Amino acid sequence: MKLTRSWCALIVLLFPFFSCKQESKKETLIGYYQLREQPVKVTSIQDKLDVPWEIKYDNGSIWYSLQKGEIWRTNLETGATHKVLTVADVFRLRTMGALGMAVDHSGDSIHVYLVFNQRTDTTKLDSSVLVTKLVRYTYDAQQDTLGQPTTMLQWMANTGHNGSRVLIGNKNDLYVTTGDISGFMVAQDLKSLNGKVLHLMKDGTVPASNPFKNSYVWSYGHRNQQGICFGENGLLYASEHGDALDDEVNLIEPSRNYGWPVVEGKLDMPEEKHKVDSLKLTVTEPMISWTPTIAPAAIVYYGKGPIKDFQNSLLLVTLKGSALYAIHLDESGRKVTGHDIYFKNTWGRLRSICVDDKGQVYLGTSNRDWNPSAGYPKPGDDHILKITAANSNDIDKSQLKEAHTKAEAATGDKGRELFLNYCSGCHKPGGEGLAGNFPPLKNNPTLLNSEKLVNILTHGRNGDQKIMGATYSQSMPAFSFLTDEQMLDLLNFMKTQLVKDKPLYLAELKELRLKAKD
C-alpha cells in the first residue's frame with residue numbers, strides 16, 4: 001500500500017513518534033585507534049553526506065549543516081535523522097554556501113543561527129553581488145522543522161575567504177567570525193565587517209560592551225577564520241587560515257588587532273616590524289602558528305572528559321593537514337604547552353567538530369568539497385565520525401591502529417618536501433592542478449622560464465590568468481620568505497620532475513631574485 005501525504009499526516013497525528021520523512025542509520029564501526037595514552041573507538045554515525053560544514057550537539061541530537069544549504073538533525077539514541085530546513089537561495093561555489101551554524105536551546109525554545117552566502121545578480125560574480133547573511137530560524141518541535149527566518153546581519157562576500165563560524169555567548173549574545181574576502185586591508189578597516197570577530201546581541205543589536213561605539217567589531221586584523229570556541233575559563237579562541245605561511249590559533253580579546261595583512265603569525269620579520277612601526281599599530285601575536293600551513297577549520301575546547309589525551313586542550317580539525325590537532329593549554333588557558341597530531345591522512349579533509357555531554361567527540365569530513373585531497377572522495381564520503389574512549393581490555397590488540405603522528409624523518413629530497421608542504425594543497429602532489437581553480441604545473445611551459453618563475457614565487461599572482469588555454473582566477477601567495485637554498489630546491493624539483501628541464505645553479509637563482517625585487 002502506497003502512503004499518500006494525507007495518510008502520512010494522519011499517522012503523525014495518531015502516532016507522534018512516527019515520521020514519513022525520517023531516515024535511520026545504525027552506527028558502523030570504523031576501527032580502534034591508539035592515542036598517546038589510551039585507545040579510542042571510532043564509528044560513523046552518518047555517511048554519504050555532501051560536505052557537513054558544521055556539526056553541533058544539543059540535548060541528545062547532532063545537528064549538521066550541509067554546504068548546499070540544508071540542515072539535518074540526528075537523534076543519537078535512535079539514529080533517526082530528519083531534514084529540518086532547506087535554504088533555497090544559498091549560493092554554493094568553491095568555499096561559498098551554507099557555512100557556520102549555532103544551536104541555541106533556551107528553556108523550551110530552540111533557535112538555529114546559520115551563516116550562508118547569496119548571489120543577488122546572476123550576471124555577475126564579484127563582491128558587488130555576493131553577500132553573507134546571518135539568519136535566525138525557530139524550531140518547531142511538533143513538525144521537526146525550522147522556520148520563521150529572520151536576517152540578523154549581512155556583510156560582503158567573495159568567492160573566497162568568507163569564514164565563517166557562529167558561537168552562542170552566555171549573555172544573550174553571539175560571536176561571528178568573518179573572512180577578509182581576499183580584500184586584504186579591509187581586515188584593518190574598522191568600518192568593514194570583513195576580517196573580524198563580530199559581537200552582537202541575539203536580537204541583532206550592538207552590545208553596549210563592544211569596544212568600538214555603535215560597531216559590531218569585537219576584534220580585527222583577521223584573514224579567514226573558520227573556528228571559534230570558548231574555553232573552560234570563559235576565554236575565547238579562534239582558528240585562522242594564513243596565506244603561504246603561519247596558520248594561527250588566537251586568544252580573542254576585545255579591541256585587539258591580530259595583524260593581517262601587515263603581519264602574518266609572530267611579529268618576527270624585520271619588514272613586518274618596520275610596517276607596524278610606520279603605521280603605529282599594536283599587534284597581538286597568535287598563541288600558536290604553523291608553517292607549512294595546515295588549513296585549520298573548526299575548533300572546540302575539551303575539558304575533563306573521559307578521553308585523557310584531549311583533556312584541557314583545544315581540538316582543531318584541519319583540511320590540508322587532514323588531521324585532528326590536540327593543542328594543550330596551561331591552567332590559565334592563555335598559553336600553549338604543546339600539541340599532538342592524531343589521525344593524519346586517515347579520513348581525508350576534516351572540517352567540523354563538536355563534543356557531546358558525555359565527552360564523545362564528533363568529526364565531519366570534507367572530501368566532497370571543491371578541493372579534495374588526492375584519492376578522495378572515497379565511497380561513503382562524507383562522514384560524521386564519533387570518537388569514544390575505549391577500554392583496552394576489551395580490544396583485540398591486533399586490530400588496534402596507531403593514531404598518534406610521530407615526528408617524520410626527512411626524505412632526503414628537500415625539493416619534494418617543499419613542494420608537498422607549500423604547493424600540493426592547490427596544485428596537487430603530482431602537479432596536475434584542479435580544473436577551473438588551480439592550474440597544472442606538470443608540463444606547464446612557465447616552468448621553463450626561470451626568470452618568470454622566480455618572479456611569480458617572489459610576488460605571487462592576483463587576477464585572471466590564462467594558463468595552458470584555460471583561465472584561472474584564484475590568487476597565489478608570495479613565497480619570498482623562502483631562503484635562496486629552499487627556493488633553489490623547490491624550483492629544481494619542479495623543473496626536473498614536472499617539465500624535465502635542466503636545474504638552476506645557486507648563483508643564477510640569486511641573480512634572478514635580485515631582478516625580481518626591482
# chains A, B, ... in the order shown; residues from 1 in each chain; ligands from 1

$ residues_around --residues "region 202-214 of chain A" --least-positions-apart "2" --cutoff "7 Å" --atoms "only C-alpha atoms" --output "count of residues only"
11

$ closest_atom_pairs --of "region 421-501 of chain A" --to "region 156-159 of chain A" --cutoff "12 Å" --atoms "only C-alpha atoms" --output "Markdown table"
| residue | atom | partner | partner_atom | distance |
| --- | --- | --- | --- | --- |
| A:Asn437 | CA | A:Thr159 | CA | 11.1 |
| A:Ser473 | CA | A:Thr159 | CA | 9.9 |
| A:Gln474 | CA | A:Thr159 | CA | 9.0 |
| A:Ser475 | CA | A:Thr159 | CA | 11.1 |

$ write_last_selection --atoms "C-alpha atoms" --output "short mmCIF file (atom, residue, chain, number, x, y, z; two decimals), in the first residue's frame"
data_model
loop_
_atom_site.label_atom_id
_atom_site.label_comp_id
_atom_site.auth_asym_id
_atom_site.auth_seq_id
_atom_site.Cartn_x
_atom_site.Cartn_y
_atom_site.Cartn_z
CA ASN A 437 40.61 26.58 -9.91
CA SER A 473 41.17 33.49 -11.09
CA GLN A 474 42.43 32.10 -7.78
CA SER A 475 45.18 34.22 -6.23
#

$ residues_around --residues "region 282-296 of chain A" --least-positions-apart "5" --cutoff "8 Å" --atoms "only C-alpha atoms" --output "PyMOL selection string"
chain A and resi 226-227+239-242+244-251+256-259+265-267+276+316-322+334-336+421-422

$ closest_residue --among "A:Gln465, A:Lys515, A:Glu417, A:Leu453" --to "Asp489 (chain A)" --atoms "only C-alpha atoms"
A:Glu417

$ atom_distance --atom1 "CA of Ser192 (chain A)" --atom2 "CA of His222 (chain A)"
11.9 Å

$ residues_around --residues "Val135 (chain A)" --least-positions-apart "3" --cutoff "6 Å" --atoms "only C-alpha atoms" --output "MDAnalysis selection string"
chainID A and resid 113:114 150:152

$ write_last_selection --atoms "N, CA and C atoms" --output "PDB file, in the first residue's frame"
ATOM      1  N   TYR A 113      21.026  29.536  14.323  1.00  0.00           N
ATOM      2  CA  TYR A 113      21.630  30.635  13.573  1.00  0.00           C
ATOM      3  C   TYR A 113      22.522  30.038  12.480  1.00  0.00           C
ATOM      4  N   LEU A 114      22.295  30.452  11.246  1.00  0.00           N
ATOM      5  CA  LEU A 114      23.029  29.918  10.104  1.00  0.00           C
ATOM      6  C   LEU A 114      23.646  31.057   9.309  1.00  0.00           C
ATOM      7  N   THR A 150      14.733  35.064  10.166  1.00  0.00           N
ATOM      8  CA  THR A 150      14.943  36.469  10.484  1.00  0.00           C
ATOM      9  C   THR A 150      16.403  36.809  10.208  1.00  0.00           C
ATOM     10  N   THR A 151      16.649  37.721   9.297  1.00  0.00           N
ATOM     11  CA  THR A 151      18.026  38.129   8.985  1.00  0.00           C
ATOM     12  C   THR A 151      18.549  39.017  10.107  1.00  0.00           C
ATOM     13  N   MET A 152      19.638  38.584  10.727  1.00  0.00           N
ATOM     14  CA  MET A 152      20.216  39.323  11.841  1.00  0.00           C
ATOM     15  C   MET A 152      21.288  40.313  11.374  1.00  0.00           C
TER      16      MET A 152
END

$ residues_around --residues "region 60-70 of chain A" --least-positions-apart "5" --cutoff "6 Å" --atoms "only C-alpha atoms" --output "JSON, numbers by chain"
{"A": [51, 52, 53, 54, 55, 75, 76, 85, 86, 87, 90, 97, 98]}

$ write_last_selection --atoms "C-alpha atoms" --output "PDB file, in the first residue's frame"
ATOM      1  CA  VAL A  51      30.158  18.373   2.980  1.00  0.00           C
ATOM      2  CA  PRO A  52      28.860  18.656   6.566  1.00  0.00           C
ATOM      3  CA  TRP A  53      30.228  22.167   7.075  1.00  0.00           C
ATOM      4  CA  GLU A  54      29.056  22.401  10.665  1.00  0.00           C
ATOM      5  CA  ILE A  55      28.089  19.884  13.350  1.00  0.00           C
ATOM      6  CA  ASN A  75      18.687  11.568  17.310  1.00  0.00           C
ATOM      7  CA  LEU A  76      21.731   9.844  18.807  1.00  0.00           C
ATOM      8  CA  LEU A  85      15.477  23.002   6.678  1.00  0.00           C
ATOM      9  CA  THR A  86      16.348  23.673   3.040  1.00  0.00           C
ATOM     10  CA  VAL A  87      17.553  27.189   2.250  1.00  0.00           C
ATOM     11  CA  VAL A  90      22.091  29.554  -0.906  1.00  0.00           C
ATOM     12  CA  GLY A  97      27.491  28.054   0.525  1.00  0.00           C
ATOM     13  CA  ALA A  98      25.947  27.263   3.896  1.00  0.00           C
TER      14      ALA A  98
END

$ select_by_dssp --residues "region 261-430 of chain A" --states "strand (DSSP E or B)" --output "count of residues only"
51

$ residues_around --residues "region 298-309 of chain A" --least-positions-apart "3" --cutoff "8 Å" --atoms "only C-alpha atoms" --output "number ranges by chain"
A: 35-38, 40, 226-232, 238-239, 312-318, 326, 351-355, 358-360, 388-389

$ atom_distance --atom1 "CA of Arg73 (chain A)" --atom2 "CA of Gln142 (chain A)"
13.8 Å

$ residues_around --residues "Gly221 (chain A)" --least-positions-apart "5" --cutoff "10 Å" --atoms "only C-alpha atoms" --output "PDB file with N, CA and C atoms, in the first residue's frame"
ATOM      1  N   GLY A 179      35.601  36.415   7.102  1.00  0.00           N
ATOM      2  CA  GLY A 179      36.835  36.440   6.335  1.00  0.00           C
ATOM      3  C   GLY A 179      37.056  37.792   5.678  1.00  0.00           C
ATOM      4  N   ASP A 180      38.271  37.985   5.156  1.00  0.00           N
ATOM      5  CA  ASP A 180      38.620  39.278   4.558  1.00  0.00           C
ATOM      6  C   ASP A 180      38.217  39.374   3.086  1.00  0.00           C
ATOM      7  N   PHE A 184      42.264  41.979   1.663  1.00  0.00           N
ATOM      8  CA  PHE A 184      43.470  42.377   2.359  1.00  0.00           C
ATOM      9  C   PHE A 184      43.221  43.476   3.381  1.00  0.00           C
ATOM     10  N   MET A 185      43.387  44.741   3.030  1.00  0.00           N
ATOM     11  CA  MET A 185      43.345  45.799   4.037  1.00  0.00           C
ATOM     12  C   MET A 185      41.964  46.018   4.646  1.00  0.00           C
ATOM     13  N   VAL A 186      40.911  45.386   4.125  1.00  0.00           N
ATOM     14  CA  VAL A 186      39.605  45.509   4.790  1.00  0.00           C
ATOM     15  C   VAL A 186      39.670  44.949   6.203  1.00  0.00           C
ATOM     16  N   ALA A 187      40.593  44.012   6.440  1.00  0.00           N
ATOM     17  CA  ALA A 187      40.738  43.448   7.778  1.00  0.00           C
ATOM     18  C   ALA A 187      41.177  44.503   8.786  1.00  0.00           C
ATOM     19  N   GLN A 188      41.853  45.568   8.306  1.00  0.00           N
ATOM     20  CA  GLN A 188      42.295  46.661   9.177  1.00  0.00           C
ATOM     21  C   GLN A 188      41.294  47.815   9.227  1.00  0.00           C
ATOM     22  N   ASP A 189      40.254  47.756   8.402  1.00  0.00           N
ATOM     23  CA  ASP A 189      39.274  48.831   8.305  1.00  0.00           C
ATOM     24  C   ASP A 189      38.135  48.573   9.289  1.00  0.00           C
ATOM     25  N   LEU A 190      38.036  49.388  10.308  1.00  0.00           N
ATOM     26  CA  LEU A 190      37.018  49.196  11.340  1.00  0.00           C
ATOM     27  C   LEU A 190      35.613  49.500  10.843  1.00  0.00           C
ATOM     28  N   ASN A 194      34.239  42.732   7.442  1.00  0.00           N
ATOM     29  CA  ASN A 194      35.053  41.612   6.964  1.00  0.00           C
ATOM     30  C   ASN A 194      36.417  41.574   7.643  1.00  0.00           C
ATOM     31  N   GLY A 195      36.903  40.342   7.857  1.00  0.00           N
ATOM     32  CA  GLY A 195      38.189  40.166   8.526  1.00  0.00           C
ATOM     33  C   GLY A 195      38.121  40.471  10.005  1.00  0.00           C
ATOM     34  N   LYS A 196      36.991  40.108  10.622  1.00  0.00           N
ATOM     35  CA  LYS A 196      36.744  40.487  12.011  1.00  0.00           C
ATOM     36  C   LYS A 196      36.169  39.323  12.821  1.00  0.00           C
ATOM     37  N   VAL A 197      36.185  39.470  14.145  1.00  0.00           N
ATOM     38  CA  VAL A 197      35.256  38.759  15.021  1.00  0.00           C
ATOM     39  C   VAL A 197      34.180  39.769  15.379  1.00  0.00           C
ATOM     40  N   ARG A 256      41.425  44.082  20.128  1.00  0.00           N
ATOM     41  CA  ARG A 256      42.768  43.691  19.699  1.00  0.00           C
ATOM     42  C   ARG A 256      42.871  43.628  18.168  1.00  0.00           C
ATOM     43  N   ASN A 257      44.058  43.988  17.672  1.00  0.00           N
ATOM     44  CA  ASN A 257      44.400  43.899  16.252  1.00  0.00           C
ATOM     45  C   ASN A 257      45.330  42.705  16.078  1.00  0.00           C
ATOM     46  N   TYR A 258      44.906  41.720  15.264  1.00  0.00           N
ATOM     47  CA  TYR A 258      45.682  40.492  15.108  1.00  0.00           C
ATOM     48  C   TYR A 258      46.586  40.512  13.866  1.00  0.00           C
ATOM     49  N   GLY A 259      46.703  41.700  13.232  1.00  0.00           N
ATOM     50  CA  GLY A 259      47.823  41.928  12.338  1.00  0.00           C
ATOM     51  C   GLY A 259      47.611  41.831  10.846  1.00  0.00           C
ATOM     52  N   TRP A 260      46.731  40.928  10.393  1.00  0.00           N
ATOM     53  CA  TRP A 260      46.620  40.713   8.945  1.00  0.00           C
ATOM     54  C   TRP A 260      46.083  41.984   8.252  1.00  0.00           C
ATOM     55  N   PRO A 261      46.637  42.349   7.069  1.00  0.00           N
ATOM     56  CA  PRO A 261      47.690  41.665   6.307  1.00  0.00           C
ATOM     57  C   PRO A 261      49.089  42.216   6.553  1.00  0.00           C
ATOM     58  N   VAL A 262      49.235  43.077   7.562  1.00  0.00           N
ATOM     59  CA  VAL A 262      50.544  43.678   7.831  1.00  0.00           C
ATOM     60  C   VAL A 262      51.493  42.646   8.422  1.00  0.00           C
ATOM     61  N   VAL A 263      50.951  41.795   9.296  1.00  0.00           N
ATOM     62  CA  VAL A 263      51.758  40.778   9.987  1.00  0.00           C
ATOM     63  C   VAL A 263      51.114  39.421   9.786  1.00  0.00           C
ATOM     64  N   VAL A 283      50.000  45.137  17.628  1.00  0.00           N
ATOM     65  CA  VAL A 283      49.540  43.862  17.077  1.00  0.00           C
ATOM     66  C   VAL A 283      49.634  42.765  18.130  1.00  0.00           C
ATOM     67  N   THR A 284      48.586  41.930  18.202  1.00  0.00           N
ATOM     68  CA  THR A 284      48.563  40.786  19.109  1.00  0.00           C
ATOM     69  C   THR A 284      49.018  39.538  18.356  1.00  0.00           C
TER      70      THR A 284
END

$ closest_residue --among "A:Ala390, A:Val131, A:Ala470, A:Leu512" --to "Asn449 (chain A)" --atoms "only C-alpha atoms"
A:Leu512

$ atom_distance --atom1 "CA of Leu236 (chain A)" --atom2 "CA of Lys171 (chain A)"
13.9 Å

$ select_by_dssp --residues "region 200-410 of chain A" --states "alpha helix (DSSP H)" --output "PyMOL selection string"
chain A and resi 270-279

$ closest_residue --among "A:Arg223, A:Arg136, A:Lys48, A:His459" --to "Pro377 (chain A)" --atoms "only C-alpha atoms"
A:Lys48
